[in-house]
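Peer 1: Here it is: the structure, laid out below.
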Amino acid sequence: MYGEYVLRRLGTMLLVIFLAISINFLLPRLMPGDPVEAQLNQLMATGGGVSDITAMVESYRARFGLDQPLLSQYFAYWQSIFRLDLGVSLAAYPEKVTDAIAGGLPWTLGLLGFATLVSFLVGSLLGGLMGWPRTPKALRIFGNGVVVLSSVPYFLVGMILLYVFAIVLRWFPAGGGIPFGLQLGFNWPTVSAVLWHATLPAISIIAAEIGAWALGMRGMLVSVLGDDYIALADAKGLKPGRIFLRYGMRNALLPQLTKLALALGHIVSGAILVEVIFSYPGIGFRLYQAIQSKDYFVIQGIVLLLSVSIAIAMFILDLIYPLIDPRITAKGK
Amino acid sequence: MAALGNSLARLYANRSLFAGLSLLLLIVLVALIGPLLIDPALSRVGATIPRLPPSADHWFGTDGQGRDMFTTMILALPQTLRIGIAAGFISLFVGVALGLIAGFVGGVVDTIIRVASDVMMTIPGIAILVLVASYVRVMTVDLMAIIVASLSWMVAARTIRAQTLTLRERGYVAIARLNGTSGLKLIFVEVLPNLLPFIAASFVVTVTSAMLATVGLEALGLGPQNDLTLGMSIYWAQFYGAILRGLWWWWGPPIVLIVLIFIGLLLTSAGMDGFVNKRLEGN
């Protein structure tokens, strides 16, 4: 049964990836005009390095085979995808798009991974406590405040934090990933500088994300607490703390995990703008720079990376759930 | 009249819904009346001395390009609401139509619609929005609404489909069908009225996600460049480094207005859940 479940999930993932790549191919071609050619012409009119332009046009022609019919262009596109060739950056020629993306990836993965993990754990615990009858009132009020904060887009929280803690109080750096001119290496100055710069962006994501987890967890815990085995545990005289953690939280946490997959797209979208606000050198900030300089190949590459990686992440989460909760494979029918 | 009084009393009893709707109503009123009371010329580039802090003459100060911030905010608010509400309506219409069709027709049609909405939920909306918006030469407020709407219909479609499936099997629908009621009449007379609370709840959700996408796109610089909207104000403030230069009155007012809109939507949505579920319990 697990095999059939895995196959179905695999099918969904491949369909999503197929559609994402096809949309990425089709959308620019459906748009009126040819912005890339316009960009190249503009570069040629103003550009100093004219010798490079011909190479760019060549790579551009080779990449799209513009004289060929749409269908063969489509196949050629797939071939280049499998060769991991996403073209060259127009703004930072001759940097490859894959290199531009690879440069930003570790920053984004580190920031997002850490912030998502922390907000998931803290938010779930807070939500559980909000649904637990013995929780002090002050914590409940605090929890409701956090929930309201979660309705605000991440980057607005980031702007306020940036102003208060980096401009007015000057406790944290005002942007970037590392201090200017620092030699990267695996040593303490590098690690501390990276953490120092990541603190405010991480807090903006965490502050805006905790409430969403808390809201879901509160609802789940309240419904779990209504179950018979909780009444039984209570009647047996088990300690409240034990009932809360082992009987309540443990069972309420499972649906939270399923929500993690659905929230991924939302978290990634939110994090893009946080990176922009803090000039944090990840994928989101590169996307912003690419939009500013109309660097279409980089925009396409990043959009493709986002769609494909979220599809893969959801597939991995889908594989893990049934191992935690065997009911899921049966329920999927 | 008694029914109206009754539902008003119920509305008041639901504090979250009451607070949320009041806040949203207030914002809409400001957006409708505000532009009539101000001089739009003050929102043009170079109308005032740039970068003045708030004073009696300029309540919210002036931005780096010499716009009066108060005037700019009053003019930007209705544009932002217009994008959110228009996108909400379009995606609600599409979502409800697809949900009803999927729930009623079933079979292959249902599978196609369900898989399509699942796939659309997986692909990060902002990625497709960025792709589309970056290729549009001149972005306008209405075009923005259509682009954003094309990516926020899924929640409505899912909710309405699930509800249609349960309503379809109810006794009164079966009786109407046995009486020879035609398919369309069945949908519009027997099923749709009972879906209204869910449609209202879906509307709030779609407007929220549409506003979120709009503000995000605008802050990335992909919004309507020639119109005043709250998100574009934030973009220009960010573009000219207003935060780093300590010009808090440039980016503060749009943030406060956006936050108020989202809090109003959150409270309304949370209150509506109670409203909708109460109906469910009553059945």
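Here, A, B, ... name the chains of the structure tokens in the order displayed, residue numbers run from 1 inside each chain, and ligands are numbered from 1 in the same displayed order.
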Just need the residues of chain B within 8 Å of chain A, counting only C-alpha atoms, so spit them out as a ChimeraX atom specification.
Peer 2: /B:119,121-128,130-132,134-136,212,216,219-221,238,243-244,246,248,255,258-259,262-263,266
Peer 1: I need the residues from that last selection saved to file as a JSON list (two decimals), in the first residue's frame (with N, CA and C atoms), if you can.
Peer 2:
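To be explicit, this is the file written out as result.json:
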```json
[["chain", "number", "residue", "atom", "x", "y", "z"],
["B", 119, "VAL", "N", -2.11, 21.46, -8.33],
["B", 119, "VAL", "CA", -0.85, 21.87, -8.95],
["B", 119, "VAL", "C", -0.61, 23.36, -8.74],
["B", 121, "MET", "N", -1.64, 25.15, -6.39],
["B", 121, "MET", "CA", -1.31, 25.45, -5.00],
["B", 121, "MET", "C", 0.14, 25.12, -4.71],
["B", 122, "THR", "N", 0.68, 24.15, -5.46],
["B", 122, "THR", "CA", 2.06, 23.73, -5.21],
["B", 122, "THR", "C", 3.06, 24.73, -5.77],
["B", 123, "ILE", "N", 2.85, 25.15, -7.03],
["B", 123, "ILE", "CA", 3.77, 26.11, -7.64],
["B", 123, "ILE", "C", 3.64, 27.42, -6.89],
["B", 124, "PRO", "N", 4.75, 27.96, -6.36],
["B", 124, "PRO", "CA", 4.63, 29.19, -5.59],
["B", 124, "PRO", "C", 4.08, 30.32, -6.45],
["B", 125, "GLY", "N", 2.93, 30.85, -6.04],
["B", 125, "GLY", "CA", 2.24, 31.86, -6.82],
["B", 125, "GLY", "C", 3.13, 33.02, -7.22],
["B", 126, "ILE", "N", 3.96, 33.48, -6.26],
["B", 126, "ILE", "CA", 4.75, 34.67, -6.55],
["B", 126, "ILE", "C", 5.72, 34.41, -7.69],
["B", 127, "ALA", "N", 6.15, 33.13, -7.87],
["B", 127, "ALA", "CA", 7.07, 32.82, -8.95],
["B", 127, "ALA", "C", 6.42, 33.10, -10.30],
["B", 128, "ILE", "N", 5.18, 32.60, -10.48],
["B", 128, "ILE", "CA", 4.49, 32.83, -11.76],
["B", 128, "ILE", "C", 4.16, 34.31, -11.91],
["B", 130, "VAL", "N", 5.79, 36.84, -10.77],
["B", 130, "VAL", "CA", 7.01, 37.57, -11.13],
["B", 130, "VAL", "C", 7.27, 37.40, -12.62],
["B", 131, "LEU", "N", 7.10, 36.16, -13.09],
["B", 131, "LEU", "CA", 7.35, 35.86, -14.50],
["B", 131, "LEU", "C", 6.44, 36.68, -15.40],
["B", 132, "VAL", "N", 5.14, 36.68, -15.07],
["B", 132, "VAL", "CA", 4.18, 37.41, -15.90],
["B", 132, "VAL", "C", 4.43, 38.91, -15.81],
["B", 134, "SER", "N", 6.98, 40.61, -14.96],
["B", 134, "SER", "CA", 8.23, 41.17, -15.47],
["B", 134, "SER", "C", 8.19, 41.32, -16.98],
["B", 135, "TYR", "N", 7.25, 40.65, -17.66],
["B", 135, "TYR", "CA", 7.18, 40.77, -19.11],
["B", 135, "TYR", "C", 6.15, 41.80, -19.57],
["B", 136, "VAL", "N", 5.32, 42.27, -18.63],
["B", 136, "VAL", "CA", 4.31, 43.25, -19.03],
["B", 136, "VAL", "C", 4.96, 44.62, -19.15],
["B", 212, "LEU", "N", -2.10, 40.07, -0.43],
["B", 212, "LEU", "CA", -0.75, 39.63, -0.08],
["B", 212, "LEU", "C", 0.12, 39.58, -1.33],
["B", 216, "GLY", "N", 3.21, 42.22, -2.28],
["B", 216, "GLY", "CA", 4.51, 41.60, -2.51],
["B", 216, "GLY", "C", 5.07, 41.97, -3.87],
["B", 219, "ALA", "N", 6.09, 45.62, -3.97],
["B", 219, "ALA", "CA", 7.32, 45.90, -3.24],
["B", 219, "ALA", "C", 8.54, 45.43, -4.02],
["B", 220, "LEU", "N", 8.36, 44.44, -4.90],
["B", 220, "LEU", "CA", 9.47, 43.99, -5.75],
["B", 220, "LEU", "C", 9.66, 44.93, -6.94],
["B", 221, "GLY", "N", 8.76, 45.90, -7.10],
["B", 221, "GLY", "CA", 8.90, 46.85, -8.19],
["B", 221, "GLY", "C", 8.14, 46.44, -9.44],
["B", 238, "GLN", "N", 11.88, 52.01, -0.41],
["B", 238, "GLN", "CA", 12.98, 51.04, -0.37],
["B", 238, "GLN", "C", 14.02, 51.38, -1.42],
["B", 243, "ILE", "N", 14.71, 53.79, 4.57],
["B", 243, "ILE", "CA", 14.92, 53.22, 5.90],
["B", 243, "ILE", "C", 16.31, 53.58, 6.39],
["B", 244, "LEU", "N", 17.31, 53.38, 5.52],
["B", 244, "LEU", "CA", 18.68, 53.63, 5.93],
["B", 244, "LEU", "C", 18.91, 55.12, 6.20],
["B", 246, "GLY", "N", 16.73, 57.04, 7.55],
["B", 246, "GLY", "CA", 15.96, 57.45, 8.72],
["B", 246, "GLY", "C", 14.69, 58.23, 8.41],
["B", 248, "TRP", "N", 11.49, 57.85, 8.39],
["B", 248, "TRP", "CA", 10.47, 56.89, 8.81],
["B", 248, "TRP", "C", 9.08, 57.27, 8.32],
["B", 255, "ILE", "N", 2.94, 51.28, 5.60],
["B", 255, "ILE", "CA", 2.99, 50.04, 6.39],
["B", 255, "ILE", "C", 1.79, 50.00, 7.35],
["B", 258, "ILE", "N", -1.40, 49.18, 5.42],
["B", 258, "ILE", "CA", -1.44, 47.77, 4.98],
["B", 258, "ILE", "C", -1.70, 46.86, 6.17],
["B", 259, "VAL", "N", -1.01, 47.14, 7.29],
["B", 259, "VAL", "CA", -1.20, 46.30, 8.48],
["B", 259, "VAL", "C", -2.66, 46.37, 8.94],
["B", 262, "PHE", "N", -4.82, 44.20, 6.72],
["B", 262, "PHE", "CA", -4.65, 42.77, 6.97],
["B", 262, "PHE", "C", -5.25, 42.35, 8.30],
["B", 263, "ILE", "N", -5.12, 43.21, 9.33],
["B", 263, "ILE", "CA", -5.73, 42.86, 10.62],
["B", 263, "ILE", "C", -7.25, 42.80, 10.47],
["B", 266, "LEU", "N", -8.06, 39.57, 8.78],
["B", 266, "LEU", "CA", -7.85, 38.42, 9.67],
["B", 266, "LEU", "C", -9.00, 38.27, 10.65]]
```
Peer 1: Counting only C-alpha atoms, what is within 10 Å of Glu190 of chain B, bar same-chain residues fewer than 6 positions away, as a PyMOL selection string?
Peer 2: chain B and resi 167-168+172-173+176-177+181+184
Peer 1: Smallest atom-to-atom distance to Met217 of chain A: which of A:Gly143, A:Gly104, A:Gly110, A:Gly241, using only C-alpha atoms?
Peer 2: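 Nearest candidate to Met217 of chain A out of A:Gly143, A:Gly104, A:Gly110, A:Gly241: A:Gly143.
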Peer 1: Between atom CA of Glu209 of chain A and atom CA of Ala115 of chain A, what is the distance, to one decimal in Å?
Peer 2: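 It comes out at 8.7 Å.
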Peer 1: Give the answer as one residue: which of B:Ile101, B:Ala157, B:Ile199, B:Ala87 has the shortest atom-to-atom distance to Thr214 of chain B, using only C-alpha atoms?
Peer 2: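 Using only C-alpha atoms, Thr214 of chain B sits closest to B:Ala87.
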Peer 1: Go through A:Thr116, A:Ser279, A:Ser80, A:Ser223 one by one, measure the shortest atom-to-atom distance of each to Thr98 of chain A using only C-alpha atoms, and give the residue with the smallest value.
Peer 2: A:Ser80
Peer 1: Provide the atom CA of Met144 of chain B to atom CA of Ser91 of chain B distance in Å, to one decimal place.
Peer 2: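 Taking atom CA of Met144 of chain B as the start and atom CA of Ser91 of chain B as the end point, the length is 12.8 Å.
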